[in-house]
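Source file: coords_33.pdb; contents: PDB, C-alpha atoms.
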```
ATOM      1  CA  MET P   6     -24.931   6.547  15.082
ATOM      2  CA  LYS P   7     -27.405   4.232  13.331
ATOM      3  CA  THR P   8     -26.331   0.571  13.165
ATOM      4  CA  PRO P   9     -25.022  -0.060   9.624
ATOM      5  CA  PRO P  10     -25.071  -3.357   7.726
ATOM      6  CA  CYS P  11     -21.744  -5.059   7.012
ATOM      7  CA  GLU P  12     -20.390  -4.283   3.517
ATOM      8  CA  ARG P  13     -19.643  -7.958   2.988
ATOM      9  CA  HIS P  14     -22.784  -9.348   4.643
ATOM     10  CA  LYS P  15     -25.564  -6.970   3.594
ATOM     11  CA  ASN P  16     -28.261  -8.911   5.460
ATOM     12  CA  LEU P  17     -26.567  -8.556   8.895
ATOM     13  CA  GLN P  18     -26.520  -5.576  11.225
ATOM     14  CA  MET P  19     -23.186  -4.801  12.852
ATOM     15  CA  VAL P  20     -22.623  -4.993  16.636
ATOM     16  CA  PRO P  21     -21.580  -1.896  18.683
ATOM     17  CA  PHE P  22     -17.970  -1.786  19.977
ATOM     18  CA  PHE P  23     -15.315   0.602  21.298
ATOM     19  CA  ILE P  24     -11.771   0.692  19.917
ATOM     20  CA  GLU P  25      -8.739   2.545  21.279
ATOM     21  CA  TYR P  26      -7.130   4.754  18.615
ATOM     22  CA  THR P  27      -3.946   6.746  19.131
ATOM     23  CA  SER P  28      -6.169   9.830  19.419
ATOM     24  CA  GLY P  29      -8.411   8.205  22.048
ATOM     25  CA  PRO P  30     -11.354   5.801  22.311
ATOM     26  CA  VAL P  31     -13.831   5.698  19.424
ATOM     27  CA  SER P  32     -17.196   3.981  19.249
ATOM     28  CA  GLY P  33     -18.291   2.073  16.184
ATOM     29  CA  HIS P  34     -19.619  -1.263  14.962
ATOM     30  CA  VAL P  35     -18.120  -4.661  14.076
ATOM     31  CA  CYS P  36     -19.479  -7.458  11.873
ATOM     32  CA  PRO P  37     -20.833 -10.410  13.926
ATOM     33  CA  VAL P  38     -19.625 -13.013  11.393
ATOM     34  CA  PRO P  39     -16.595 -14.921  12.782
ATOM     35  CA  GLY P  40     -13.508 -14.219  10.693
ATOM     36  CA  CYS P  41     -14.998 -11.218   8.861
ATOM     37  CA  GLY P  42     -13.482  -8.556  11.109
ATOM     38  CA  ARG P  43     -15.043  -5.646   9.212
ATOM     39  CA  HIS P  44     -15.371  -2.513  11.372
ATOM     40  CA  HIS P  45     -17.284   0.732  10.873
ATOM     41  CA  THR P  46     -16.998   4.146  12.520
ATOM     42  CA  GLU P  47     -18.292   7.563  11.512
ATOM     43  CA  ASN P  48     -15.268   7.740   9.164
ATOM     44  CA  GLY P  49     -16.307   4.626   7.226
ATOM     45  CA  TYR P  50     -15.488   0.921   6.956
ATOM     46  CA  PHE P  51     -12.075  -0.609   7.732
ATOM     47  CA  ASP P  52     -10.303  -3.844   8.716
ATOM     48  CA  LEU P  53      -7.823  -4.486  11.495
ATOM     49  CA  ALA P  54      -4.266  -5.511  10.644
ATOM     50  CA  ASP P  55      -2.126  -6.764  13.537
ATOM     51  CA  GLY P  56      -4.616  -5.314  15.996
ATOM     52  CA  LYS P  57      -4.477  -1.820  14.487
ATOM     53  CA  PRO P  58      -6.897  -0.195  12.067
ATOM     54  CA  ALA P  59      -5.564  -0.685   8.552
ATOM     55  CA  ARG P  60      -6.267   2.914   7.609
ATOM     56  CA  GLU P  61      -4.024   4.228  10.396
ATOM     57  CA  GLU P  62      -0.854   2.908   8.794
ATOM     58  CA  GLU P  63       2.217   5.078   8.763
ATOM     59  CA  PRO P  64       2.732   7.090   5.603
ATOM     60  CA  LEU P  65       5.165   5.531   3.111
ATOM     61  CA  LYS P  66       7.579   8.433   3.648
ATOM     62  CA  ASN P  67       7.940   7.485   7.342
ATOM     63  CA  LYS P  68       8.553   3.826   6.469
ATOM     64  CA  ILE P  69      11.230   4.783   3.931
ATOM     65  CA  THR P  70      12.930   7.041   6.480
ATOM     66  CA  LEU P  71      12.916   4.279   9.117
ATOM     67  CA  ALA P  72      14.329   1.750   6.639
ATOM     68  CA  ARG P  73      17.065   4.174   5.535
ATOM     69  CA  ASP P  74      18.039   4.857   9.146
ATOM     70  CA  GLU P  75      18.220   1.127   9.901
ATOM     71  CA  ILE P  76      20.383   0.459   6.806
ATOM     72  CA  LEU P  77      22.759   3.287   7.726
ATOM     73  CA  ARG P  78      22.984   2.009  11.309
ATOM     74  CA  VAL P  79      23.957  -1.482  10.102
ATOM     75  CA  ILE P  80      26.530  -0.119   7.612
ATOM     76  CA  ARG P  81      28.101   2.075  10.293
ATOM     77  CA  SER P  82      28.210  -0.773  12.819
ATOM     78  CA  ARG P  83      29.957  -3.076  10.309
ATOM     79  CA  ALA P  84      32.400  -0.383   9.219
ATOM     80  CA  GLY P  85      33.435   0.191  12.828
ATOM     81  CA  ALA P  86      33.887  -3.523  13.571
TER      82      ALA P  86
END
```
What would the structure in this file look like if it were written as structure tokens?
Amino acid sequence: MKTPPCERHKNLQMVPFFIEYTSGPVSGHVCPVPGCGRHHTENGYFDLADGKPAREEEPLKNKITLARDEILRVIRSRAGA
């Protein structure tokens, strides 16, 4: 893969890196500017959020299901107490 420039810093070339995805290791590039944190792989540009790629977030449906299950668990625990 050719070294791309950072989207935010067009005059800088990104630095090669490897990141561990849930599907396995992937090679890509990261911006050398401290605090920028912009990453690039063959799938495009992304940022990291809490150490995970922002684009790998759980679908909203999964989050809603987890929240519903937690609410029901709390209601049931209080009803039984």
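Distance annotation: of P:Arg81, P:His34, P:Arg73, P:Lys68, the residue with the minimal separation from Cys11 of chain P is P:His34; atom set is only C-alpha atoms.
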### Task
Check the smallest atom-to-atom distance from each of P:Phe23, P:Leu53, P:Asn48, P:Gln18 to Cys36 of chain P using all atoms listed in the file, then report the winner.
P:Gln18
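For Thr46 of chain P, the list of residues within 8 Å, based on all atoms listed in the file and with local chain neighbours fewer than 5 positions off taken out, reads Val31, Ser32, Gly33 and His34 of chain P.
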Residue contacts of Arg43 of chain P (10 Å, all atoms listed in the file) excluding same-chain residues fewer than 5 positions away, as a compact mmCIF listing (two decimals) with C-alpha atoms, keeping the file's coordinate frame:
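Final file, result02.txt:
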```txt
# COMPACT_ATOMS: atom_id res chain seq x y z
CA CYS P 11 -21.74 -5.06 7.01
CA GLU P 12 -20.39 -4.28 3.52
CA ARG P 13 -19.64 -7.96 2.99
CA HIS P 14 -22.78 -9.35 4.64
CA MET P 19 -23.19 -4.80 12.85
CA HIS P 34 -19.62 -1.26 14.96
CA VAL P 35 -18.12 -4.66 14.08
CA CYS P 36 -19.48 -7.46 11.87
CA PRO P 37 -20.83 -10.41 13.93
CA VAL P 38 -19.62 -13.01 11.39
CA TYR P 50 -15.49 0.92 6.96
CA PHE P 51 -12.08 -0.61 7.73
CA ASP P 52 -10.30 -3.84 8.72
CA LEU P 53 -7.82 -4.49 11.50
```
### Summary
re atom CA of Lys7 of chain P and atom CA of Phe22 of chain P: distance 13.0 Å
Fix up segment 26-44 of chain P with N, CA and C atoms, then write it as a PDB file, keeping the file's coordinate frame.
```pdb
ATOM      1  N   TYR P  26      -8.008   4.178  19.636  1.00  0.00           N
ATOM      2  CA  TYR P  26      -7.130   4.754  18.615  1.00  0.00           C
ATOM      3  C   TYR P  26      -6.014   5.514  19.314  1.00  0.00           C
ATOM      4  N   THR P  27      -5.024   5.938  18.554  1.00  0.00           N
ATOM      5  CA  THR P  27      -3.946   6.746  19.131  1.00  0.00           C
ATOM      6  C   THR P  27      -4.491   8.081  19.628  1.00  0.00           C
ATOM      7  N   SER P  28      -5.580   8.555  19.022  1.00  0.00           N
ATOM      8  CA  SER P  28      -6.169   9.830  19.419  1.00  0.00           C
ATOM      9  C   SER P  28      -7.188   9.678  20.547  1.00  0.00           C
ATOM     10  N   GLY P  29      -7.460   8.446  20.970  1.00  0.00           N
ATOM     11  CA  GLY P  29      -8.411   8.205  22.048  1.00  0.00           C
ATOM     12  C   GLY P  29      -9.450   7.173  21.657  1.00  0.00           C
ATOM     13  N   PRO P  30     -10.348   6.830  22.601  1.00  0.00           N
ATOM     14  CA  PRO P  30     -11.354   5.801  22.311  1.00  0.00           C
ATOM     15  C   PRO P  30     -12.392   6.301  21.309  1.00  0.00           C
ATOM     16  N   VAL P  31     -12.836   5.385  20.440  1.00  0.00           N
ATOM     17  CA  VAL P  31     -13.831   5.698  19.424  1.00  0.00           C
ATOM     18  C   VAL P  31     -14.878   4.601  19.431  1.00  0.00           C
ATOM     19  N   SER P  32     -16.149   4.988  19.321  1.00  0.00           N
ATOM     20  CA  SER P  32     -17.196   3.981  19.249  1.00  0.00           C
ATOM     21  C   SER P  32     -17.513   3.686  17.797  1.00  0.00           C
ATOM     22  N   GLY P  33     -17.961   2.469  17.541  1.00  0.00           N
ATOM     23  CA  GLY P  33     -18.291   2.073  16.184  1.00  0.00           C
ATOM     24  C   GLY P  33     -19.044   0.773  16.190  1.00  0.00           C
ATOM     25  N   HIS P  34     -18.925   0.013  15.106  1.00  0.00           N
ATOM     26  CA  HIS P  34     -19.619  -1.263  14.962  1.00  0.00           C
ATOM     27  C   HIS P  34     -18.674  -2.280  14.333  1.00  0.00           C
ATOM     28  N   VAL P  35     -18.922  -3.566  14.627  1.00  0.00           N
ATOM     29  CA  VAL P  35     -18.120  -4.661  14.076  1.00  0.00           C
ATOM     30  C   VAL P  35     -19.068  -5.727  13.537  1.00  0.00           C
ATOM     31  N   CYS P  36     -18.668  -6.406  12.475  1.00  0.00           N
ATOM     32  CA  CYS P  36     -19.479  -7.458  11.873  1.00  0.00           C
ATOM     33  C   CYS P  36     -19.527  -8.665  12.817  1.00  0.00           C
ATOM     34  N   PRO P  37     -20.713  -9.271  13.021  1.00  0.00           N
ATOM     35  CA  PRO P  37     -20.833 -10.410  13.926  1.00  0.00           C
ATOM     36  C   PRO P  37     -20.375 -11.743  13.326  1.00  0.00           C
ATOM     37  N   VAL P  38     -20.043 -11.772  12.037  1.00  0.00           N
ATOM     38  CA  VAL P  38     -19.625 -13.013  11.393  1.00  0.00           C
ATOM     39  C   VAL P  38     -18.191 -13.349  11.813  1.00  0.00           C
ATOM     40  N   PRO P  39     -17.958 -14.545  12.390  1.00  0.00           N
ATOM     41  CA  PRO P  39     -16.595 -14.921  12.782  1.00  0.00           C
ATOM     42  C   PRO P  39     -15.649 -14.890  11.578  1.00  0.00           C
ATOM     43  N   GLY P  40     -14.503 -14.283  11.752  1.00  0.00           N
ATOM     44  CA  GLY P  40     -13.508 -14.219  10.693  1.00  0.00           C
ATOM     45  C   GLY P  40     -13.675 -13.056   9.736  1.00  0.00           C
ATOM     46  N   CYS P  41     -14.806 -12.354   9.775  1.00  0.00           N
ATOM     47  CA  CYS P  41     -14.998 -11.218   8.861  1.00  0.00           C
ATOM     48  C   CYS P  41     -14.131 -10.046   9.316  1.00  0.00           C
ATOM     49  N   GLY P  42     -14.317  -9.615  10.557  1.00  0.00           N
ATOM     50  CA  GLY P  42     -13.482  -8.556  11.109  1.00  0.00           C
ATOM     51  C   GLY P  42     -13.692  -7.181  10.519  1.00  0.00           C
ATOM     52  N   ARG P  43     -14.775  -6.963   9.806  1.00  0.00           N
ATOM     53  CA  ARG P  43     -15.043  -5.646   9.212  1.00  0.00           C
ATOM     54  C   ARG P  43     -15.554  -4.715  10.301  1.00  0.00           C
ATOM     55  N   HIS P  44     -15.001  -3.513  10.378  1.00  0.00           N
ATOM     56  CA  HIS P  44     -15.371  -2.513  11.372  1.00  0.00           C
ATOM     57  C   HIS P  44     -15.939  -1.289  10.676  1.00  0.00           C
TER      58      HIS P  44
END
```
